[in-house]
>>> print(open('input.cif').read())   # mmCIF, C-alpha atoms, pLDDT in the B column; chains and numbers go by the auth columns
data_run
#
loop_
_atom_site.group_PDB
_atom_site.id
_atom_site.type_symbol
_atom_site.label_atom_id
_atom_site.label_comp_id
_atom_site.label_asym_id
_atom_site.label_seq_id
_atom_site.Cartn_x
_atom_site.Cartn_y
_atom_site.Cartn_z
_atom_site.B_iso_or_equiv
_atom_site.auth_seq_id
_atom_site.auth_asym_id
ATOM 1 C CA MET A 1 8.883 4.595 15.632 45.00 1 A
ATOM 2 C CA PRO A 2 5.312 3.457 14.901 48.00 2 A
ATOM 3 C CA GLN A 3 4.689 1.354 11.825 52.00 3 A
ATOM 4 C CA GLN A 4 1.976 2.855 9.654 54.00 4 A
ATOM 5 C CA ARG A 5 0.164 1.279 6.716 67.00 5 A
ATOM 6 C CA ASP A 6 -3.050 1.967 4.841 80.00 6 A
ATOM 7 C CA ALA A 7 -4.475 -1.059 6.636 83.00 7 A
ATOM 8 C CA LEU A 8 -8.158 -0.140 6.531 90.00 8 A
ATOM 9 C CA THR A 9 -7.968 0.713 2.838 90.00 9 A
ATOM 10 C CA GLU A 10 -6.048 -2.480 2.068 88.00 10 A
ATOM 11 C CA LEU A 11 -8.468 -4.609 4.068 90.00 11 A
ATOM 12 C CA VAL A 12 -11.475 -3.220 2.190 93.00 12 A
ATOM 13 C CA LYS A 13 -9.647 -3.485 -1.171 92.00 13 A
ATOM 14 C CA ALA A 14 -8.952 -7.166 -0.505 90.00 14 A
ATOM 15 C CA HIS A 15 -12.700 -7.871 -0.472 92.00 15 A
ATOM 16 C CA VAL A 16 -14.429 -5.123 -2.470 94.00 16 A
ATOM 17 C CA GLY A 17 -14.135 -3.974 -6.052 90.00 17 A
ATOM 18 C CA PRO A 18 -13.655 -5.397 -9.536 89.00 18 A
ATOM 19 C CA GLY A 19 -12.758 -9.081 -9.408 88.00 19 A
ATOM 20 C CA ARG A 20 -13.312 -9.272 -5.660 91.00 20 A
ATOM 21 C CA ARG A 21 -15.907 -10.946 -3.454 89.00 21 A
ATOM 22 C CA MET A 22 -18.255 -7.915 -3.544 93.00 22 A
ATOM 23 C CA SER A 23 -18.890 -4.967 -5.818 93.00 23 A
ATOM 24 C CA THR A 24 -18.909 -1.470 -4.336 92.00 24 A
ATOM 25 C CA ARG A 25 -22.703 -1.467 -4.683 92.00 25 A
ATOM 26 C CA ASP A 26 -23.085 -4.835 -2.889 94.00 26 A
ATOM 27 C CA PHE A 27 -20.753 -3.754 -0.102 95.00 27 A
ATOM 28 C CA ALA A 28 -22.490 -0.402 0.384 93.00 28 A
ATOM 29 C CA ALA A 29 -25.803 -2.251 0.692 94.00 29 A
ATOM 30 C CA VAL A 30 -24.640 -4.583 3.493 96.00 30 A
ATOM 31 C CA ALA A 31 -22.164 -2.322 5.323 97.00 31 A
ATOM 32 C CA VAL A 32 -24.488 -0.681 7.828 97.00 32 A
ATOM 33 C CA ASP A 33 -23.540 0.592 11.283 97.00 33 A
ATOM 34 C CA PRO A 34 -25.868 -1.387 13.584 95.00 34 A
ATOM 35 C CA ASP A 35 -26.044 1.409 16.174 95.00 35 A
ATOM 36 C CA THR A 36 -26.970 4.323 13.917 96.00 36 A
ATOM 37 C CA GLY A 37 -28.145 2.743 10.664 97.00 37 A
ATOM 38 C CA TRP A 38 -25.543 4.805 8.775 96.00 38 A
ATOM 39 C CA ALA A 39 -24.058 3.210 5.655 97.00 39 A
ATOM 40 C CA PRO A 40 -21.288 4.410 3.354 96.00 40 A
ATOM 41 C CA SER A 41 -22.383 5.501 -0.089 95.00 41 A
ATOM 42 C CA LYS A 42 -21.202 3.613 -3.148 94.00 42 A
ATOM 43 C CA SER A 43 -19.026 6.627 -4.011 93.00 43 A
ATOM 44 C CA LEU A 44 -17.384 6.588 -0.552 95.00 44 A
ATOM 45 C CA VAL A 45 -16.640 2.884 -0.943 95.00 45 A
ATOM 46 C CA ALA A 46 -15.119 3.645 -4.354 93.00 46 A
ATOM 47 C CA LYS A 47 -12.939 6.364 -2.752 93.00 47 A
ATOM 48 C CA ILE A 48 -11.760 3.899 -0.102 92.00 48 A
ATOM 49 C CA ILE A 49 -10.752 1.188 -2.563 92.00 49 A
ATOM 50 C CA GLY A 50 -9.312 3.840 -4.871 90.00 50 A
ATOM 51 C CA GLY A 51 -6.924 4.947 -2.131 85.00 51 A
ATOM 52 C CA GLN A 52 -8.338 8.476 -2.111 88.00 52 A
ATOM 53 C CA GLY A 53 -8.630 10.494 1.069 86.00 53 A
ATOM 54 C CA TYR A 54 -11.577 9.813 3.347 89.00 54 A
ATOM 55 C CA ASN A 55 -12.519 10.433 6.958 90.00 55 A
ATOM 56 C CA ILE A 56 -12.457 7.483 9.312 90.00 56 A
ATOM 57 C CA THR A 57 -15.354 7.719 11.749 93.00 57 A
ATOM 58 C CA PRO A 58 -16.731 5.309 14.359 94.00 58 A
ATOM 59 C CA GLN A 59 -19.760 4.748 12.104 96.00 59 A
ATOM 60 C CA LEU A 60 -17.528 3.882 9.145 96.00 60 A
ATOM 61 C CA VAL A 61 -15.526 1.439 11.270 95.00 61 A
ATOM 62 C CA SER A 62 -18.718 -0.288 12.437 97.00 62 A
ATOM 63 C CA ALA A 63 -20.199 -0.381 8.930 97.00 63 A
ATOM 64 C CA ILE A 64 -17.023 -1.874 7.438 96.00 64 A
ATOM 65 C CA ALA A 65 -16.946 -4.512 10.186 96.00 65 A
ATOM 66 C CA VAL A 66 -20.497 -5.561 9.320 96.00 66 A
ATOM 67 C CA GLY A 67 -19.825 -5.435 5.582 96.00 67 A
ATOM 68 C CA LEU A 68 -16.710 -7.585 5.802 94.00 68 A
ATOM 69 C CA GLY A 69 -18.081 -9.861 8.515 93.00 69 A
ATOM 70 C CA LEU A 70 -15.140 -9.158 10.829 90.00 70 A
ATOM 71 C CA ASP A 71 -15.038 -8.179 14.493 89.00 71 A
ATOM 72 C CA ARG A 72 -15.251 -4.426 15.009 92.00 72 A
ATOM 73 C CA GLU A 73 -12.061 -4.480 17.080 88.00 73 A
ATOM 74 C CA ILE A 74 -10.126 -5.793 14.057 88.00 74 A
ATOM 75 C CA ILE A 75 -11.488 -3.033 11.811 91.00 75 A
ATOM 76 C CA ALA A 76 -10.764 -0.473 14.550 89.00 76 A
ATOM 77 C CA ALA A 77 -7.201 -1.815 14.740 85.00 77 A
ATOM 78 C CA ALA A 78 -6.875 -1.376 10.970 86.00 78 A
ATOM 79 C CA ALA A 79 -8.135 2.199 11.271 87.00 79 A
ATOM 80 C CA HIS A 80 -5.672 2.862 14.107 80.00 80 A
ATOM 81 C CA LEU A 81 -2.815 1.369 12.080 78.00 81 A
ATOM 82 C CA GLN A 82 -3.756 3.531 9.086 78.00 82 A
ATOM 83 C CA VAL A 83 -4.107 6.784 10.994 75.00 83 A
ATOM 84 C CA ILE A 84 -1.599 6.468 13.829 72.00 84 A
ATOM 85 C CA GLY A 85 0.498 3.339 13.377 67.00 85 A
ATOM 86 C CA TYR A 86 1.678 0.777 15.919 58.00 86 A
ATOM 87 C CA THR A 87 4.978 -0.028 17.552 62.00 87 A
ATOM 88 C CA GLU A 88 6.432 -3.528 17.169 62.00 88 A
ATOM 89 C CA ALA A 89 5.369 -4.370 20.727 67.00 89 A
ATOM 90 C CA GLU A 90 1.766 -3.285 20.067 64.00 90 A
ATOM 91 C CA LEU A 91 1.592 -5.576 17.039 61.00 91 A
ATOM 92 C CA SER A 92 2.324 -8.663 19.142 65.00 92 A
ATOM 93 C CA ALA A 93 -0.990 -8.907 21.041 65.00 93 A
ATOM 94 C CA GLY A 94 -4.617 -7.829 21.196 70.00 94 A
ATOM 95 C CA ALA A 95 -6.589 -6.392 18.313 68.00 95 A
ATOM 96 C CA PRO A 96 -3.492 -5.360 16.289 64.00 96 A
ATOM 97 C CA ALA A 97 -2.224 -8.955 16.340 66.00 97 A
ATOM 98 C CA LYS A 98 -5.708 -10.207 15.436 67.00 98 A
ATOM 99 C CA LEU A 99 -5.694 -7.791 12.499 65.00 99 A
ATOM 100 C CA ILE A 100 -2.416 -9.174 11.223 60.00 100 A
ATOM 101 C CA ARG A 101 -3.774 -12.723 11.591 60.00 101 A
ATOM 102 C CA ALA A 102 -7.031 -11.731 9.841 61.00 102 A
ATOM 103 C CA ILE A 103 -5.147 -10.313 6.904 58.00 103 A
ATOM 104 C CA GLY A 104 -3.237 -13.576 6.581 54.00 104 A
ATOM 105 C CA ALA A 105 -6.102 -15.858 7.663 44.00 105 A
ATOM 106 C CA GLU A 106 -6.144 -19.252 6.005 37.00 106 A
ATOM 107 C CA ASP A 107 -9.936 -19.333 5.664 42.00 107 A
ATOM 108 C CA GLY A 108 -10.196 -15.979 3.906 44.00 108 A
ATOM 109 C CA PRO A 109 -9.154 -14.734 0.475 44.00 109 A
ATOM 110 C CA THR A 110 -5.565 -15.744 1.178 45.00 110 A
ATOM 111 C CA ASP A 111 -3.988 -14.783 -2.143 54.00 111 A
ATOM 112 C CA GLN A 112 -5.003 -11.158 -1.699 52.00 112 A
ATOM 113 C CA ALA A 113 -4.239 -11.154 2.023 51.00 113 A
ATOM 114 C CA ARG A 114 -0.788 -12.628 1.454 54.00 114 A
ATOM 115 C CA ALA A 115 -0.070 -10.045 -1.257 58.00 115 A
ATOM 116 C CA VAL A 116 -0.951 -7.257 1.166 57.00 116 A
ATOM 117 C CA ALA A 117 1.165 -8.779 3.955 57.00 117 A
ATOM 118 C CA GLU A 118 4.124 -9.338 1.590 60.00 118 A
ATOM 119 C CA ARG A 119 3.904 -5.755 0.322 61.00 119 A
ATOM 120 C CA TRP A 120 3.871 -4.480 3.905 59.00 120 A
ATOM 121 C CA ASP A 121 6.901 -6.657 4.741 59.00 121 A
ATOM 122 C CA ALA A 122 8.766 -5.346 1.702 64.00 122 A
ATOM 123 C CA GLU A 123 8.027 -1.730 2.672 58.00 123 A
ATOM 124 C CA ALA A 124 9.158 -2.213 6.269 51.00 124 A
#
>>> encode(input="input.cif", output="structure tokens")
Amino acid sequence: MPQQRDALTELVKAHVGPGRRMSTRDFAAVAVDPDTGWAPSKSLVAKIIGGQGYNITPQLVSAIAVGLGLDREIIAAAAHLQVIGYTEAELSAGAPAKLIRAIGAEDGPTDQARAVAERWDAEA
């Protein structure tokens, strides 16, 4: 059975919002899809970090990648994990494995990333 988490939401929440690296306004200003110029509104960013429903689009994935400074494939893997889920085997290589490493990366905001990873482990 595929494992499913709110990975994209959790990834954005780890970096954006009160007490985080960026405010919703700052993030919305830098998170721009390089192909189309589309950017999420401040209210959409607030919905994402608030855990409310939102549509995941290719433009949103690209904009979040730019905003967080992560590879698009990692953000796409987070979106896939949130919407569809992954099997254990899929989580061992490629973009899904890179996502898991990015969430627990030593050079990032590790306290928040570890908390997310520990919560996911506890829910599994």
>>> atom_distance(input="input.cif", atom1="atom CA of A:Thr36", atom2="atom CA of A:Ala63")
9.6 Å
>>> closest_residue(input="input.cif", among="A:Ala14, A:Ala46, A:Leu8, A:Met22", to="A:Leu60", atoms="all atoms listed in the file")
A:Leu8
>>> residues_around(input="input.cif", residues="stretch 30-34 of chain A", least_positions_apart="6", cutoff="12 Å", atoms="all atoms listed in the file", output="mmCIF file with C-alpha atoms, in the coordinates of the input")
data_model
loop_
_atom_site.group_PDB
_atom_site.id
_atom_site.type_symbol
_atom_site.label_atom_id
_atom_site.label_comp_id
_atom_site.auth_asym_id
_atom_site.auth_seq_id
_atom_site.Cartn_x
_atom_site.Cartn_y
_atom_site.Cartn_z
ATOM 1 C CA VAL A 12 -11.475 -3.220 2.190
ATOM 2 C CA VAL A 16 -14.429 -5.123 -2.470
ATOM 3 C CA MET A 22 -18.255 -7.915 -3.544
ATOM 4 C CA SER A 23 -18.890 -4.967 -5.818
ATOM 5 C CA THR A 24 -18.909 -1.470 -4.336
ATOM 6 C CA PRO A 40 -21.288 4.410 3.354
ATOM 7 C CA SER A 41 -22.383 5.501 -0.089
ATOM 8 C CA LYS A 42 -21.202 3.613 -3.148
ATOM 9 C CA LEU A 44 -17.384 6.588 -0.552
ATOM 10 C CA VAL A 45 -16.640 2.884 -0.943
ATOM 11 C CA THR A 57 -15.354 7.719 11.749
ATOM 12 C CA PRO A 58 -16.731 5.309 14.359
ATOM 13 C CA GLN A 59 -19.760 4.748 12.104
ATOM 14 C CA LEU A 60 -17.528 3.882 9.145
ATOM 15 C CA VAL A 61 -15.526 1.439 11.270
ATOM 16 C CA SER A 62 -18.718 -0.288 12.437
ATOM 17 C CA ALA A 63 -20.199 -0.381 8.930
ATOM 18 C CA ILE A 64 -17.023 -1.874 7.438
ATOM 19 C CA ALA A 65 -16.946 -4.512 10.186
ATOM 20 C CA VAL A 66 -20.497 -5.561 9.320
ATOM 21 C CA GLY A 67 -19.825 -5.435 5.582
ATOM 22 C CA LEU A 68 -16.710 -7.585 5.802
ATOM 23 C CA GLY A 69 -18.081 -9.861 8.515
ATOM 24 C CA LEU A 70 -15.140 -9.158 10.829
ATOM 25 C CA ARG A 72 -15.251 -4.426 15.009
#
>>> axis_aligned_box(input="input.cif", around="stretch 39-42 of chain A", padding_each_side="4 Å", output="lines of an AutoDock Vina configuration file")
center_x = -22.6
center_y = 4.4
center_z = 1.3
size_x = 10.9
size_y = 10.3
size_z = 16.8
>>> atom_distance(input="input.cif", atom1="atom CA of A:Ile75", atom2="atom CA of A:Leu11")
8.5 Å
>>> atom_distance(input="input.cif", atom1="atom CA of A:Tyr54", atom2="atom CA of A:Gly19")
22.8 Å
>>> closest_residue(input="input.cif", among="A:Ile49, A:Ala39, A:Ala76, A:Ala7", to="A:Arg20", atoms="only C-alpha atoms")
A:Ile49
>>> closest_residue(input="input.cif", among="A:Glu73, A:Asp35, A:Val83, A:Glu10", to="A:Ile56", atoms="only C-alpha atoms")
A:Val83
>>> decode(input="input.cif", residues="stretch 7-21 of chain A", atoms="all heavy atoms", output="compact mmCIF listing (two decimals), in the first residue's frame")
# COMPACT_ATOMS: atom_id res chain seq x y z
N ALA A 7 3.32 15.92 2.22
CA ALA A 7 4.73 16.27 2.08
C ALA A 7 4.95 17.67 1.54
O ALA A 7 5.81 18.40 2.04
CB ALA A 7 5.44 15.25 1.18
N LEU A 8 4.21 18.07 0.52
CA LEU A 8 4.40 19.40 -0.05
C LEU A 8 4.02 20.46 0.98
O LEU A 8 4.76 21.42 1.20
CB LEU A 8 3.58 19.56 -1.33
CG LEU A 8 3.81 20.85 -2.10
CD1 LEU A 8 5.26 20.98 -2.53
CD2 LEU A 8 2.90 20.90 -3.32
N THR A 9 2.91 20.27 1.63
CA THR A 9 2.47 21.20 2.68
C THR A 9 3.51 21.28 3.79
O THR A 9 3.90 22.37 4.21
CB THR A 9 1.11 20.76 3.25
OG1 THR A 9 0.14 20.80 2.20
CG2 THR A 9 0.67 21.65 4.39
N GLU A 10 3.98 20.13 4.25
CA GLU A 10 4.96 20.10 5.34
C GLU A 10 6.27 20.75 4.93
O GLU A 10 6.91 21.44 5.73
CB GLU A 10 5.20 18.66 5.80
CG GLU A 10 3.98 18.02 6.45
CD GLU A 10 3.56 18.69 7.75
OE1 GLU A 10 4.43 19.25 8.46
OE2 GLU A 10 2.36 18.65 8.07
N LEU A 11 6.68 20.54 3.70
CA LEU A 11 7.93 21.12 3.22
C LEU A 11 7.83 22.65 3.20
O LEU A 11 8.75 23.35 3.65
CB LEU A 11 8.24 20.58 1.82
CG LEU A 11 9.64 20.78 1.28
CD1 LEU A 11 10.70 20.22 2.21
CD2 LEU A 11 9.74 20.12 -0.09
N VAL A 12 6.72 23.17 2.71
CA VAL A 12 6.53 24.62 2.68
C VAL A 12 6.43 25.15 4.12
O VAL A 12 7.06 26.16 4.47
CB VAL A 12 5.30 25.03 1.84
CG1 VAL A 12 5.04 26.53 1.94
CG2 VAL A 12 5.51 24.63 0.38
N LYS A 13 5.67 24.47 4.97
CA LYS A 13 5.50 24.90 6.37
C LYS A 13 6.82 24.94 7.13
O LYS A 13 6.98 25.73 8.06
CB LYS A 13 4.53 23.97 7.10
CG LYS A 13 3.10 24.21 6.76
CD LYS A 13 2.19 23.16 7.35
CE LYS A 13 2.00 23.34 8.83
NZ LYS A 13 0.94 22.45 9.35
N ALA A 14 7.77 24.10 6.75
CA ALA A 14 9.06 24.07 7.43
C ALA A 14 9.88 25.34 7.16
O ALA A 14 10.79 25.66 7.91
CB ALA A 14 9.86 22.84 6.99
N HIS A 15 9.53 26.06 6.10
CA HIS A 15 10.32 27.23 5.70
C HIS A 15 9.54 28.55 5.71
O HIS A 15 10.16 29.61 5.73
CB HIS A 15 10.86 27.03 4.28
CG HIS A 15 11.78 25.87 4.15
ND1 HIS A 15 13.12 25.97 4.40
CD2 HIS A 15 11.54 24.58 3.83
CE1 HIS A 15 13.69 24.79 4.22
NE2 HIS A 15 12.75 23.93 3.88
N VAL A 16 8.21 28.48 5.67
CA VAL A 16 7.40 29.68 5.47
C VAL A 16 6.37 29.83 6.58
O VAL A 16 5.72 28.86 6.95
CB VAL A 16 6.68 29.62 4.10
CG1 VAL A 16 5.84 30.87 3.87
CG2 VAL A 16 7.67 29.42 2.96
N GLY A 17 6.23 31.04 7.07
CA GLY A 17 5.21 31.33 8.06
C GLY A 17 5.81 31.95 9.31
O GLY A 17 7.02 32.18 9.38
N PRO A 18 4.98 32.21 10.29
CA PRO A 18 5.45 32.84 11.53
C PRO A 18 6.59 32.06 12.18
O PRO A 18 6.51 30.84 12.33
CB PRO A 18 4.21 32.84 12.43
CG PRO A 18 3.05 32.75 11.48
CD PRO A 18 3.55 31.93 10.32
N GLY A 19 7.67 32.76 12.48
CA GLY A 19 8.82 32.13 13.12
C GLY A 19 9.69 31.31 12.19
O GLY A 19 10.60 30.62 12.64
N ARG A 20 9.43 31.36 10.92
CA ARG A 20 10.19 30.59 9.94
C ARG A 20 11.13 31.50 9.17
O ARG A 20 11.18 32.71 9.38
CB ARG A 20 9.26 29.86 8.96
CG ARG A 20 8.24 28.96 9.59
CD ARG A 20 8.90 27.73 10.21
NE ARG A 20 7.94 26.71 10.55
CZ ARG A 20 7.49 26.50 11.77
NH1 ARG A 20 7.90 27.22 12.76
NH2 ARG A 20 6.62 25.53 12.00
N ARG A 21 11.84 30.91 8.23
CA ARG A 21 12.83 31.63 7.42
C ARG A 21 12.20 32.76 6.61
O ARG A 21 12.80 33.81 6.43
CB ARG A 21 13.51 30.62 6.49
CG ARG A 21 14.57 31.16 5.61
CD ARG A 21 15.36 30.04 4.94
NE ARG A 21 14.58 29.15 4.12
CZ ARG A 21 14.65 29.09 2.80
NH1 ARG A 21 15.49 29.85 2.15
NH2 ARG A 21 13.90 28.23 2.14
